[in-house]
file data_27.pdb (PDB, C-alpha atoms)
ATOM      1  CA  MET A   1     -13.709 -25.039  30.281  1.00  0.00           C
ATOM      2  CA  LEU A   2     -10.914 -22.580  29.569  1.00  0.00           C
ATOM      3  CA  ASP A   3      -9.037 -23.842  32.616  1.00  0.00           C
ATOM      4  CA  THR A   4      -9.221 -27.354  31.248  1.00  0.00           C
ATOM      5  CA  ILE A   5      -7.816 -26.249  27.916  1.00  0.00           C
ATOM      6  CA  ILE A   6      -4.949 -24.349  29.585  1.00  0.00           C
ATOM      7  CA  GLU A   7      -4.151 -27.269  31.862  1.00  0.00           C
ATOM      8  CA  GLY A   8      -4.146 -29.575  28.869  1.00  0.00           C
ATOM      9  CA  ALA A   9      -1.767 -27.281  27.019  1.00  0.00           C
ATOM     10  CA  VAL A  10       0.600 -27.122  30.009  1.00  0.00           C
ATOM     11  CA  ALA A  11       0.513 -30.895  30.471  1.00  0.00           C
ATOM     12  CA  PHE A  12       1.140 -31.480  26.772  1.00  0.00           C
ATOM     13  CA  MET A  13       4.094 -29.049  26.751  1.00  0.00           C
ATOM     14  CA  LEU A  14       5.663 -30.627  29.847  1.00  0.00           C
ATOM     15  CA  ILE A  15       5.368 -34.176  28.531  1.00  0.00           C
ATOM     16  CA  ALA A  16       6.583 -33.178  25.058  1.00  0.00           C
ATOM     17  CA  GLY A  17       9.576 -31.397  26.589  1.00  0.00           C
ATOM     18  CA  GLY A  18      10.474 -34.372  28.766  1.00  0.00           C
ATOM     19  CA  ALA A  19      10.155 -36.764  25.827  1.00  0.00           C
ATOM     20  CA  PHE A  20      12.314 -34.582  23.572  1.00  0.00           C
ATOM     21  CA  ALA A  21      15.045 -34.157  26.202  1.00  0.00           C
ATOM     22  CA  PHE A  22      15.059 -37.874  26.938  1.00  0.00           C
ATOM     23  CA  ILE A  23      15.323 -38.737  23.241  1.00  0.00           C
ATOM     24  CA  GLY A  24      18.216 -36.292  22.854  1.00  0.00           C
ATOM     25  CA  SER A  25      20.118 -37.791  25.745  1.00  0.00           C
ATOM     26  CA  LEU A  26      19.380 -41.290  24.462  1.00  0.00           C
ATOM     27  CA  GLY A  27      20.891 -40.313  21.126  1.00  0.00           C
ATOM     28  CA  MET A  28      23.932 -38.886  22.851  1.00  0.00           C
ATOM     29  CA  THR A  29      24.419 -42.165  24.700  1.00  0.00           C
ATOM     30  CA  HIS A  30      23.804 -44.631  21.897  1.00  0.00           C
ATOM     31  CA  LEU A  31      25.121 -43.176  18.639  1.00  0.00           C
ATOM     32  CA  LYS A  32      28.457 -44.300  17.297  1.00  0.00           C
ATOM     33  CA  ASP A  33      30.906 -41.419  16.955  1.00  0.00           C
ATOM     34  CA  PHE A  34      31.190 -37.887  18.238  1.00  0.00           C
ATOM     35  CA  TYR A  35      29.903 -36.202  15.098  1.00  0.00           C
ATOM     36  CA  MET A  36      26.665 -38.209  15.332  1.00  0.00           C
ATOM     37  CA  ARG A  37      26.409 -37.708  19.066  1.00  0.00           C
ATOM     38  CA  LEU A  38      26.539 -33.942  18.631  1.00  0.00           C
ATOM     39  CA  HIS A  39      23.157 -33.992  16.870  1.00  0.00           C
ATOM     40  CA  GLY A  40      21.110 -35.205  19.828  1.00  0.00           C
ATOM     41  CA  PRO A  41      21.853 -32.538  22.442  1.00  0.00           C
ATOM     42  CA  SER A  42      22.288 -29.619  20.090  1.00  0.00           C
ATOM     43  CA  LYS A  43      18.859 -29.919  18.486  1.00  0.00           C
ATOM     44  CA  THR A  44      16.589 -32.238  20.406  1.00  0.00           C
ATOM     45  CA  THR A  45      17.481 -31.284  23.962  1.00  0.00           C
ATOM     46  CA  THR A  46      17.198 -27.594  23.121  1.00  0.00           C
ATOM     47  CA  LEU A  47      13.701 -28.173  21.780  1.00  0.00           C
ATOM     48  CA  GLY A  48      12.797 -30.184  24.879  1.00  0.00           C
ATOM     49  CA  VAL A  49      13.969 -27.498  27.285  1.00  0.00           C
ATOM     50  CA  GLY A  50      12.210 -24.852  25.189  1.00  0.00           C
ATOM     51  CA  CYS A  51       8.942 -26.825  25.333  1.00  0.00           C
ATOM     52  CA  THR A  52       9.226 -27.162  29.110  1.00  0.00           C
ATOM     53  CA  LEU A  53       9.877 -23.436  29.525  1.00  0.00           C
ATOM     54  CA  ILE A  54       6.898 -22.521  27.351  1.00  0.00           C
ATOM     55  CA  GLY A  55       4.716 -24.880  29.413  1.00  0.00           C
ATOM     56  CA  SER A  56       5.901 -23.108  32.545  1.00  0.00           C
ATOM     57  CA  LEU A  57       5.175 -19.735  30.903  1.00  0.00           C
ATOM     58  CA  ILE A  58       1.597 -20.782  30.146  1.00  0.00           C
ATOM     59  CA  TYR A  59       1.182 -22.159  33.673  1.00  0.00           C
ATOM     60  CA  PHE A  60       2.276 -18.940  35.393  1.00  0.00           C
ATOM     61  CA  SER A  61       0.435 -16.704  32.925  1.00  0.00           C
ATOM     62  CA  ARG A  62      -2.996 -18.167  33.614  1.00  0.00           C
ATOM     63  CA  GLU A  63      -3.754 -16.107  36.740  1.00  0.00           C
ATOM     64  CA  ASP A  64      -2.208 -12.656  36.594  1.00  0.00           C
ATOM     65  CA  GLY A  65      -1.603 -11.851  32.952  1.00  0.00           C
ATOM     66  CA  PRO A  66       1.230 -12.830  30.663  1.00  0.00           C
ATOM     67  CA  ILE A  67       4.709 -13.278  32.116  1.00  0.00           C
ATOM     68  CA  ILE A  68       7.466 -12.667  29.607  1.00  0.00           C
ATOM     69  CA  GLN A  69      10.572 -13.404  31.705  1.00  0.00           C
ATOM     70  CA  GLU A  70      10.569 -17.128  31.042  1.00  0.00           C
ATOM     71  CA  LEU A  71      10.698 -16.432  27.332  1.00  0.00           C
ATOM     72  CA  LEU A  72      14.141 -14.955  28.041  1.00  0.00           C
ATOM     73  CA  ILE A  73      15.610 -18.339  28.974  1.00  0.00           C
ATOM     74  CA  THR A  74      13.999 -19.931  25.923  1.00  0.00           C
ATOM     75  CA  ILE A  75      15.456 -17.330  23.579  1.00  0.00           C
ATOM     76  CA  SER A  76      18.894 -17.501  25.183  1.00  0.00           C
ATOM     77  CA  ALA A  77      18.875 -21.317  24.994  1.00  0.00           C
ATOM     78  CA  PHE A  78      17.868 -21.235  21.340  1.00  0.00           C
ATOM     79  CA  ILE A  79      20.597 -18.700  20.551  1.00  0.00           C
ATOM     80  CA  THR A  80      23.439 -20.258  22.532  1.00  0.00           C
ATOM     81  CA  ALA A  81      22.925 -23.946  21.657  1.00  0.00           C
ATOM     82  CA  PRO A  82      24.101 -23.669  18.000  1.00  0.00           C
ATOM     83  CA  VAL A  83      27.107 -21.606  19.051  1.00  0.00           C
ATOM     84  CA  SER A  84      28.299 -24.136  21.600  1.00  0.00           C
ATOM     85  CA  ALA A  85      27.632 -26.990  19.164  1.00  0.00           C
ATOM     86  CA  HIS A  86      29.759 -25.203  16.564  1.00  0.00           C
ATOM     87  CA  MET A  87      32.605 -24.721  19.022  1.00  0.00           C
ATOM     88  CA  LEU A  88      32.411 -28.384  20.090  1.00  0.00           C
ATOM     89  CA  ALA A  89      32.525 -29.531  16.467  1.00  0.00           C
ATOM     90  CA  LYS A  90      35.535 -27.303  15.821  1.00  0.00           C
ATOM     91  CA  SER A  91      37.378 -28.687  18.832  1.00  0.00           C
ATOM     92  CA  ALA A  92      36.542 -32.259  17.772  1.00  0.00           C
ATOM     93  CA  LEU A  93      37.942 -31.566  14.286  1.00  0.00           C
ATOM     94  CA  HIS A  94      41.025 -30.040  15.890  1.00  0.00           C
ATOM     95  CA  HIS A  95      41.542 -33.194  17.955  1.00  0.00           C
ATOM     96  CA  LYS A  96      41.021 -35.303  14.803  1.00  0.00           C
ATOM     97  CA  LEU A  97      38.454 -37.638  16.342  1.00  0.00           C
ATOM     98  CA  LYS A  98      37.802 -40.676  14.153  1.00  0.00           C
ATOM     99  CA  PRO A  99      34.426 -40.692  12.376  1.00  0.00           C
ATOM    100  CA  ASP A 100      32.500 -43.903  11.858  1.00  0.00           C
ATOM    101  CA  PRO A 101      33.998 -45.772   8.884  1.00  0.00           C
ATOM    102  CA  ARG A 102      30.661 -45.752   7.055  1.00  0.00           C
ATOM    103  CA  THR A 103      30.560 -41.968   7.101  1.00  0.00           C
ATOM    104  CA  ARG A 104      30.733 -40.528   3.613  1.00  0.00           C
ATOM    105  CA  GLY A 105      32.803 -37.486   2.786  1.00  0.00           C
ATOM    106  CA  ASN A 106      36.344 -36.653   3.732  1.00  0.00           C
ATOM    107  CA  PRO A 107      36.787 -33.290   5.432  1.00  0.00           C
ATOM    108  CA  VAL A 108      40.089 -31.522   4.979  1.00  0.00           C
ATOM    109  CA  GLU A 109      40.553 -31.108   8.697  1.00  0.00           C
ATOM    110  CA  LEU A 110      40.606 -34.857   9.286  1.00  0.00           C
ATOM    111  CA  GLU A 111      43.329 -35.665   6.753  1.00  0.00           C
ATOM    112  CA  SER A 112      46.672 -36.645   8.162  1.00  0.00           C
ATOM    113  CA  ASP A 113      49.532 -34.214   8.504  1.00  0.00           C
ATOM    114  CA  LYS A 114      51.951 -36.248   6.380  1.00  0.00           C
ATOM    115  CA  PRO A 115      53.143 -34.438   3.257  1.00  0.00           C
ATOM    116  CA  ARG A 116      51.599 -35.734   0.063  1.00  0.00           C
ATOM    117  CA  HIS A 117      54.805 -35.562  -1.974  1.00  0.00           C
ATOM    118  CA  THR A 118      57.781 -37.830  -1.639  1.00  0.00           C
ATOM    119  CA  ILE A 119      61.184 -36.247  -1.545  1.00  0.00           C
ATOM    120  CA  GLU A 120      61.798 -36.891  -5.223  1.00  0.00           C
ATOM    121  CA  GLU A 121      58.517 -35.264  -6.220  1.00  0.00           C
ATOM    122  CA  ALA A 122      58.920 -32.326  -3.916  1.00  0.00           C
ATOM    123  CA  PRO A 123      58.920 -28.946  -5.609  1.00  0.00           C
ATOM    124  CA  GLN A 124      62.375 -28.373  -6.978  1.00  0.00           C
ATOM    125  CA  GLY A 125      64.179 -25.117  -7.444  1.00  0.00           C
ATOM    126  CA  ASP A 126      66.358 -22.934  -5.382  1.00  0.00           C
ATOM    127  CA  SER A 127      66.997 -23.530  -1.756  1.00  0.00           C
ATOM    128  CA  PRO A 128      63.910 -22.785   0.354  1.00  0.00           C
ATOM    129  CA  LEU A 129      66.079 -20.933   2.810  1.00  0.00           C
ATOM    130  CA  PRO A 130      66.507 -17.244   2.049  1.00  0.00           C
TER     131      PRO A 130
ATOM    132  CA  MET B   1      -3.754 -33.370  35.039  1.00  0.00           C
ATOM    133  CA  ILE B   2      -0.773 -31.086  35.580  1.00  0.00           C
ATOM    134  CA  ASP B   3       0.395 -33.189  38.547  1.00  0.00           C
ATOM    135  CA  MET B   4       0.547 -36.311  36.421  1.00  0.00           C
ATOM    136  CA  ALA B   5       2.368 -34.501  33.583  1.00  0.00           C
ATOM    137  CA  LEU B   6       4.776 -33.005  36.120  1.00  0.00           C
ATOM    138  CA  TRP B   7       5.712 -36.421  37.478  1.00  0.00           C
ATOM    139  CA  ILE B   8       6.173 -37.869  33.994  1.00  0.00           C
ATOM    140  CA  ALA B   9       8.342 -34.917  32.912  1.00  0.00           C
ATOM    141  CA  LEU B  10      10.417 -35.136  36.118  1.00  0.00           C
ATOM    142  CA  ALA B  11      11.024 -38.841  35.546  1.00  0.00           C
ATOM    143  CA  LEU B  12      12.037 -38.255  31.922  1.00  0.00           C
ATOM    144  CA  PHE B  13      14.428 -35.425  32.787  1.00  0.00           C
ATOM    145  CA  CYS B  14      16.013 -37.438  35.619  1.00  0.00           C
ATOM    146  CA  ALA B  15      16.538 -40.366  33.230  1.00  0.00           C
ATOM    147  CA  ALA B  16      18.087 -37.943  30.726  1.00  0.00           C
ATOM    148  CA  ILE B  17      20.492 -36.645  33.380  1.00  0.00           C
ATOM    149  CA  VAL B  18      21.485 -40.206  34.277  1.00  0.00           C
ATOM    150  CA  LEU B  19      22.260 -40.875  30.589  1.00  0.00           C
ATOM    151  CA  ASN B  20      24.308 -37.654  30.420  1.00  0.00           C
ATOM    152  CA  PHE B  21      26.233 -38.731  33.495  1.00  0.00           C
ATOM    153  CA  TYR B  22      26.959 -42.094  31.894  1.00  0.00           C
ATOM    154  CA  ARG B  23      28.386 -40.353  28.814  1.00  0.00           C
ATOM    155  CA  ALA B  24      30.400 -37.933  30.941  1.00  0.00           C
ATOM    156  CA  VAL B  25      32.004 -40.819  32.835  1.00  0.00           C
ATOM    157  CA  VAL B  26      32.524 -43.239  29.936  1.00  0.00           C
ATOM    158  CA  GLY B  27      33.005 -40.810  27.048  1.00  0.00           C
ATOM    159  CA  PRO B  28      36.083 -41.853  25.080  1.00  0.00           C
ATOM    160  CA  SER B  29      37.272 -38.376  24.170  1.00  0.00           C
ATOM    161  CA  LEU B  30      37.440 -34.960  25.781  1.00  0.00           C
ATOM    162  CA  PRO B  31      34.803 -33.199  23.583  1.00  0.00           C
ATOM    163  CA  ASP B  32      32.405 -36.036  24.450  1.00  0.00           C
ATOM    164  CA  ARG B  33      32.660 -35.178  28.115  1.00  0.00           C
ATOM    165  CA  VAL B  34      32.242 -31.468  27.462  1.00  0.00           C
ATOM    166  CA  LEU B  35      29.140 -32.221  25.386  1.00  0.00           C
ATOM    167  CA  ALA B  36      27.744 -34.413  28.170  1.00  0.00           C
ATOM    168  CA  VAL B  37      28.198 -31.692  30.784  1.00  0.00           C
ATOM    169  CA  ASP B  38      26.679 -29.135  28.385  1.00  0.00           C
ATOM    170  CA  THR B  39      23.574 -31.287  27.971  1.00  0.00           C
ATOM    171  CA  MET B  40      23.472 -31.899  31.707  1.00  0.00           C
ATOM    172  CA  TYR B  41      23.156 -28.206  32.494  1.00  0.00           C
ATOM    173  CA  MET B  42      20.446 -27.809  29.880  1.00  0.00           C
ATOM    174  CA  ASN B  43      18.486 -30.599  31.554  1.00  0.00           C
ATOM    175  CA  SER B  44      19.067 -29.117  34.986  1.00  0.00           C
ATOM    176  CA  ILE B  45      17.504 -25.833  33.798  1.00  0.00           C
ATOM    177  CA  ALA B  46      14.378 -27.773  32.912  1.00  0.00           C
ATOM    178  CA  LEU B  47      14.453 -29.548  36.288  1.00  0.00           C
ATOM    179  CA  ILE B  48      14.587 -26.217  38.139  1.00  0.00           C
ATOM    180  CA  VAL B  49      11.683 -24.895  36.076  1.00  0.00           C
ATOM    181  CA  LEU B  50       9.664 -28.028  36.857  1.00  0.00           C
ATOM    182  CA  PHE B  51      10.423 -27.568  40.551  1.00  0.00           C
ATOM    183  CA  GLY B  52       9.159 -23.995  40.272  1.00  0.00           C
ATOM    184  CA  ILE B  53       5.877 -25.292  38.843  1.00  0.00           C
ATOM    185  CA  TRP B  54       5.689 -27.899  41.599  1.00  0.00           C
ATOM    186  CA  VAL B  55       5.956 -25.426  44.486  1.00  0.00           C
ATOM    187  CA  ASN B  56       3.939 -22.827  42.492  1.00  0.00           C
ATOM    188  CA  ASN B  57       6.609 -20.144  42.813  1.00  0.00           C
ATOM    189  CA  LYS B  58       7.850 -18.200  39.841  1.00  0.00           C
ATOM    190  CA  ASP B  59      11.075 -16.892  41.413  1.00  0.00           C
ATOM    191  CA  TYR B  60      13.011 -19.979  40.460  1.00  0.00           C
ATOM    192  CA  PHE B  61      13.378 -18.906  36.865  1.00  0.00           C
ATOM    193  CA  GLU B  62      16.165 -16.504  37.849  1.00  0.00           C
ATOM    194  CA  ALA B  63      18.288 -19.419  39.008  1.00  0.00           C
ATOM    195  CA  ALA B  64      17.575 -21.113  35.695  1.00  0.00           C
ATOM    196  CA  LEU B  65      18.619 -17.979  33.787  1.00  0.00           C
ATOM    197  CA  LEU B  66      21.856 -17.800  35.791  1.00  0.00           C
ATOM    198  CA  ILE B  67      22.641 -21.456  35.057  1.00  0.00           C
ATOM    199  CA  ALA B  68      21.953 -20.917  31.352  1.00  0.00           C
ATOM    200  CA  MET B  69      24.315 -17.939  31.089  1.00  0.00           C
ATOM    201  CA  LEU B  70      27.173 -19.434  33.129  1.00  0.00           C
ATOM    202  CA  GLY B  71      26.855 -22.814  31.430  1.00  0.00           C
ATOM    203  CA  PHE B  72      27.135 -21.271  27.980  1.00  0.00           C
ATOM    204  CA  VAL B  73      30.157 -19.182  28.955  1.00  0.00           C
ATOM    205  CA  SER B  74      31.924 -22.157  30.554  1.00  0.00           C
ATOM    206  CA  THR B  75      31.279 -24.395  27.544  1.00  0.00           C
ATOM    207  CA  ILE B  76      32.708 -21.773  25.198  1.00  0.00           C
ATOM    208  CA  ALA B  77      35.721 -21.278  27.472  1.00  0.00           C
ATOM    209  CA  ILE B  78      36.500 -25.002  27.608  1.00  0.00           C
ATOM    210  CA  CYS B  79      36.106 -25.328  23.827  1.00  0.00           C
ATOM    211  CA  LYS B  80      38.419 -22.367  23.327  1.00  0.00           C
ATOM    212  CA  TYR B  81      40.953 -24.008  25.609  1.00  0.00           C
ATOM    213  CA  LEU B  82      40.713 -27.279  23.668  1.00  0.00           C
ATOM    214  CA  LEU B  83      41.126 -25.429  20.383  1.00  0.00           C
ATOM    215  CA  ARG B  84      43.922 -23.025  21.208  1.00  0.00           C
ATOM    216  CA  GLY B  85      45.498 -24.128  24.473  1.00  0.00           C
ATOM    217  CA  ASP B  86      44.599 -20.718  25.819  1.00  0.00           C
ATOM    218  CA  ILE B  87      41.336 -18.943  26.614  1.00  0.00           C
ATOM    219  CA  ILE B  88      42.154 -15.283  26.068  1.00  0.00           C
ATOM    220  CA  GLU B  89      45.086 -14.733  23.790  1.00  0.00           C
TER     221      GLU B  89
END
call {"tool": "encode", "arguments": {"input": "data_27.pdb", "output": "structure tokens"}}
result
Amino acid sequence: MLDTIIEGAVAFMLIAGGAFAFIGSLGMTHLKDFYMRLHGPSKTTTLGVGCTLIGSLIYFSREDGPIIQELLITISAFITAPVSAHMLAKSALHHKLKPDPRTRGNPVELESDKPRHTIEEAPQGDSPLP
Amino acid sequence: MIDMALWIALALFCAAIVLNFYRAVVGPSLPDRVLAVDTMYMNSIALIVLFGIWVNNKDYFEAALLIAMLGFVSTIAICKYLLRGDIIE
């Protein structure tokens, strides 16, 4: 009876992990611009891999007591995924990748480098050179 | 029951890796490709863990841990290079 419950839990975790990872990769393939594509892997795939690792933890813990080592990969994945997503977003903003035109909002980093003033409007005064 | 779930999960993860490979080849910009490779190593960790369940051997998780650490460090290094043009300033 207990074996059946544990096997069911492992099977559920494995299938849920596979489904989550597949959905994340599907989002990364099909969404329109980079800022949308970043959502799939950074959240969904991390959850999928975490589910798979917890299923493996339950599977190996059923005979000789709990095994904690696999939790290490889960924790490290859950800590490192937001950091790498943040760095990828920063590098995309640095490269000024075009967002989808329907995206609302206008981040400062994506504005063009052209000066906003014309020469006549430019701040007057003494020479800028020292 | 576990055998069936294992096959389904293996098929789903392999399909996910194929999609990642498509994005890494096609991806219009450089951060897209980095993101695709990042996701690919995450999926490969899960594949190694599934293989460990399949052969009923729990030593494979060390390989998965190694891939997780090195993948994170390499992603951060490439992002740093894209941002600054230099890794350690």
call {"tool": "closest_atom_pairs", "arguments": {"input": "data_27.pdb", "of": "range 16-98 of chain A", "to": "range 46-66 of chain B", "cutoff": "9 Å", "atoms": "all atoms listed in the file", "output": "Markdown table"}}
result
| residue | atom | partner | partner_atom | distance |
| --- | --- | --- | --- | --- |
| A:Gly17 | CA | B:Ala46 | CA | 8.7 |
| A:Gly18 | CA | B:Ala46 | CA | 8.7 |
| A:Gly48 | CA | B:Ala46 | CA | 8.5 |
| A:Val49 | CA | B:Ala46 | CA | 5.6 |
| A:Gly50 | CA | B:Ala46 | CA | 8.5 |
| A:Thr52 | CA | B:Ala46 | CA | 6.4 |
| A:Leu53 | CA | B:Val49 | CA | 7.0 |
| A:Ser56 | CA | B:Ile53 | CA | 6.7 |
| A:Tyr59 | CA | B:Ile53 | CA | 7.7 |
| A:Phe60 | CA | B:Lys58 | CA | 7.2 |
| A:Gln69 | CA | B:Phe61 | CA | 8.0 |
| A:Glu70 | CA | B:Phe61 | CA | 6.7 |
| A:Leu72 | CA | B:Leu65 | CA | 7.9 |
| A:Ile73 | CA | B:Leu65 | CA | 5.7 |
| A:Ser76 | CA | B:Leu65 | CA | 8.6 |
call {"tool": "write_last_selection", "arguments": {"input": "data_27.pdb", "atoms": "C-alpha atoms", "output": "PDB file, keeping the file's coordinate frame"}}
result
ATOM      1  CA  GLY A  17       9.576 -31.397  26.589  1.00  0.00           C
ATOM      2  CA  GLY A  18      10.474 -34.372  28.766  1.00  0.00           C
ATOM      3  CA  GLY A  48      12.797 -30.184  24.879  1.00  0.00           C
ATOM      4  CA  VAL A  49      13.969 -27.498  27.285  1.00  0.00           C
ATOM      5  CA  GLY A  50      12.210 -24.852  25.189  1.00  0.00           C
ATOM      6  CA  THR A  52       9.226 -27.162  29.110  1.00  0.00           C
ATOM      7  CA  LEU A  53       9.877 -23.436  29.525  1.00  0.00           C
ATOM      8  CA  SER A  56       5.901 -23.108  32.545  1.00  0.00           C
ATOM      9  CA  TYR A  59       1.182 -22.159  33.673  1.00  0.00           C
ATOM     10  CA  PHE A  60       2.276 -18.940  35.393  1.00  0.00           C
ATOM     11  CA  GLN A  69      10.572 -13.404  31.705  1.00  0.00           C
ATOM     12  CA  GLU A  70      10.569 -17.128  31.042  1.00  0.00           C
ATOM     13  CA  LEU A  72      14.141 -14.955  28.041  1.00  0.00           C
ATOM     14  CA  ILE A  73      15.610 -18.339  28.974  1.00  0.00           C
ATOM     15  CA  SER A  76      18.894 -17.501  25.183  1.00  0.00           C
TER      16      SER A  76
END
call {"tool": "closest_residue", "arguments": {"input": "data_27.pdb", "among": "B:Ile2, B:Ile67, B:Ala77, B:Ile88", "to": "chain A", "atoms": "all atoms listed in the file"}}
result
B:Ile2
call {"tool": "closest_residue", "arguments": {"input": "data_27.pdb", "among": "A:Leu97, A:Ser42, A:Ile54, A:Phe34", "to": "Asp32 in chain B", "atoms": "all atoms listed in the file"}}
result
A:Phe34
call {"tool": "residues_around", "arguments": {"input": "data_27.pdb", "residues": "Ala21 in chain A", "least_positions_apart": "3", "cutoff": "8 Å", "atoms": "all atoms listed in the file", "output": "list of chain:residue names"}}
result
A:Gly17, A:Gly18, A:Gly24, A:Ser25, A:Pro41, A:Thr44, A:Thr45, A:Thr46, A:Leu47, A:Gly48, A:Val49, B:Leu12, B:Phe13, B:Ala16, B:Asn43
call {"tool": "resolve_selection", "arguments": {"input": "data_27.pdb", "expression": "the PyMOL selection byres ((chain B and resi 37) around 12)", "output": "ChimeraX atom specification"}}
result
/A:25,28,41,84,88 /B:16-25,27,30-36,38-44,71-72,74-75,78
call {"tool": "write_last_selection", "arguments": {"input": "data_27.pdb", "atoms": "C-alpha atoms", "output": "compact mmCIF listing (two decimals), in the frame of the given file"}}
result
# COMPACT_ATOMS: atom_id res chain seq x y z
CA SER A 25 20.12 -37.79 25.74
CA MET A 28 23.93 -38.89 22.85
CA PRO A 41 21.85 -32.54 22.44
CA SER A 84 28.30 -24.14 21.60
CA LEU A 88 32.41 -28.38 20.09
CA ALA B 16 18.09 -37.94 30.73
CA ILE B 17 20.49 -36.65 33.38
CA VAL B 18 21.48 -40.21 34.28
CA LEU B 19 22.26 -40.88 30.59
CA ASN B 20 24.31 -37.65 30.42
CA PHE B 21 26.23 -38.73 33.49
CA TYR B 22 26.96 -42.09 31.89
CA ARG B 23 28.39 -40.35 28.81
CA ALA B 24 30.40 -37.93 30.94
CA VAL B 25 32.00 -40.82 32.84
CA GLY B 27 33.01 -40.81 27.05
CA LEU B 30 37.44 -34.96 25.78
CA PRO B 31 34.80 -33.20 23.58
CA ASP B 32 32.40 -36.04 24.45
CA ARG B 33 32.66 -35.18 28.12
CA VAL B 34 32.24 -31.47 27.46
CA LEU B 35 29.14 -32.22 25.39
CA ALA B 36 27.74 -34.41 28.17
CA ASP B 38 26.68 -29.14 28.38
CA THR B 39 23.57 -31.29 27.97
CA MET B 40 23.47 -31.90 31.71
CA TYR B 41 23.16 -28.21 32.49
CA MET B 42 20.45 -27.81 29.88
CA ASN B 43 18.49 -30.60 31.55
CA SER B 44 19.07 -29.12 34.99
CA GLY B 71 26.86 -22.81 31.43
CA PHE B 72 27.14 -21.27 27.98
CA SER B 74 31.92 -22.16 30.55
CA THR B 75 31.28 -24.40 27.54
CA ILE B 78 36.50 -25.00 27.61
call {"tool": "residues_around", "arguments": {"input": "data_27.pdb", "residues": "Met1 in chain B", "least_positions_apart": "4", "cutoff": "9 Å", "atoms": "all atoms listed in the file", "output": "list in words"}}
result
Thr4, Glu7, Gly8 and Ala11 of chain A; Ala5 and Leu6 of chain B
call {"tool": "closest_residue", "arguments": {"input": "data_27.pdb", "among": "A:Leu14, A:Tyr35, A:Ala9, A:Ala19", "to": "Met4 in chain B", "atoms": "only C-alpha atoms"}}
result
A:Leu14
call {"tool": "atom_distance", "arguments": {"input": "data_27.pdb", "atom1": "CA of Ile5 in chain A", "atom2": "CA of Ile58 in chain A"}}
result
11.1 Å
call {"tool": "closest_residue", "arguments": {"input": "data_27.pdb", "among": "A:Ala89, A:Asp33, A:Val83, A:Cys51", "to": "Phe12 in chain A", "atoms": "all atoms listed in the file"}}
result
A:Cys51
call {"tool": "closest_residue", "arguments": {"input": "data_27.pdb", "among": "A:Glu63, A:Thr80, A:Ile68, A:Gly105", "to": "chain B", "atoms": "all atoms listed in the file"}}
result
A:Thr80
call {"tool": "closest_residue", "arguments": {"input": "data_27.pdb", "among": "A:Met1, A:Val10, A:Leu110, A:Met87", "to": "Tyr81 in chain B", "atoms": "all atoms listed in the file"}}
result
A:Met87
call {"tool": "build_atoms", "arguments": {"input": "data_27.pdb", "residues": "range 87-99 of chain A", "atoms": "N, CA and C atoms", "output": "short mmCIF file (atom, residue, chain, number, x, y, z; two decimals), in the frame of the given file"}}
result
data_model
loop_
_atom_site.label_atom_id
_atom_site.label_comp_id
_atom_site.auth_asym_id
_atom_site.auth_seq_id
_atom_site.Cartn_x
_atom_site.Cartn_y
_atom_site.Cartn_z
N MET A 87 31.29 -24.70 18.38
CA MET A 87 32.60 -24.72 19.02
C MET A 87 33.03 -26.15 19.35
N LEU A 88 32.06 -26.99 19.79
CA LEU A 88 32.41 -28.38 20.09
C LEU A 88 32.83 -29.12 18.83
N ALA A 89 32.15 -28.86 17.71
CA ALA A 89 32.52 -29.53 16.47
C ALA A 89 33.92 -29.09 16.03
N LYS A 90 34.20 -27.78 16.20
CA LYS A 90 35.53 -27.30 15.82
C LYS A 90 36.61 -27.95 16.67
N SER A 91 36.35 -28.08 17.98
CA SER A 91 37.38 -28.69 18.83
C SER A 91 37.53 -30.17 18.52
N ALA A 92 36.42 -30.84 18.14
CA ALA A 92 36.54 -32.26 17.77
C ALA A 92 37.35 -32.41 16.49
N LEU A 93 37.15 -31.51 15.52
CA LEU A 93 37.94 -31.57 14.29
C LEU A 93 39.41 -31.28 14.59
N HIS A 94 39.65 -30.37 15.53
CA HIS A 94 41.02 -30.04 15.89
C HIS A 94 41.71 -31.23 16.53
N HIS A 95 40.96 -32.00 17.33
CA HIS A 95 41.54 -33.19 17.95
C HIS A 95 41.57 -34.38 17.01
N LYS A 96 41.04 -34.24 15.80
CA LYS A 96 41.02 -35.30 14.80
C LYS A 96 40.38 -36.58 15.34
N LEU A 97 39.18 -36.45 15.89
CA LEU A 97 38.45 -37.64 16.34
C LEU A 97 38.04 -38.46 15.13
N LYS A 98 38.11 -39.80 15.28
CA LYS A 98 37.80 -40.68 14.15
C LYS A 98 36.30 -40.72 13.90
N PRO A 99 35.84 -40.46 12.69
CA PRO A 99 34.43 -40.69 12.38
C PRO A 99 34.16 -42.17 12.15
#
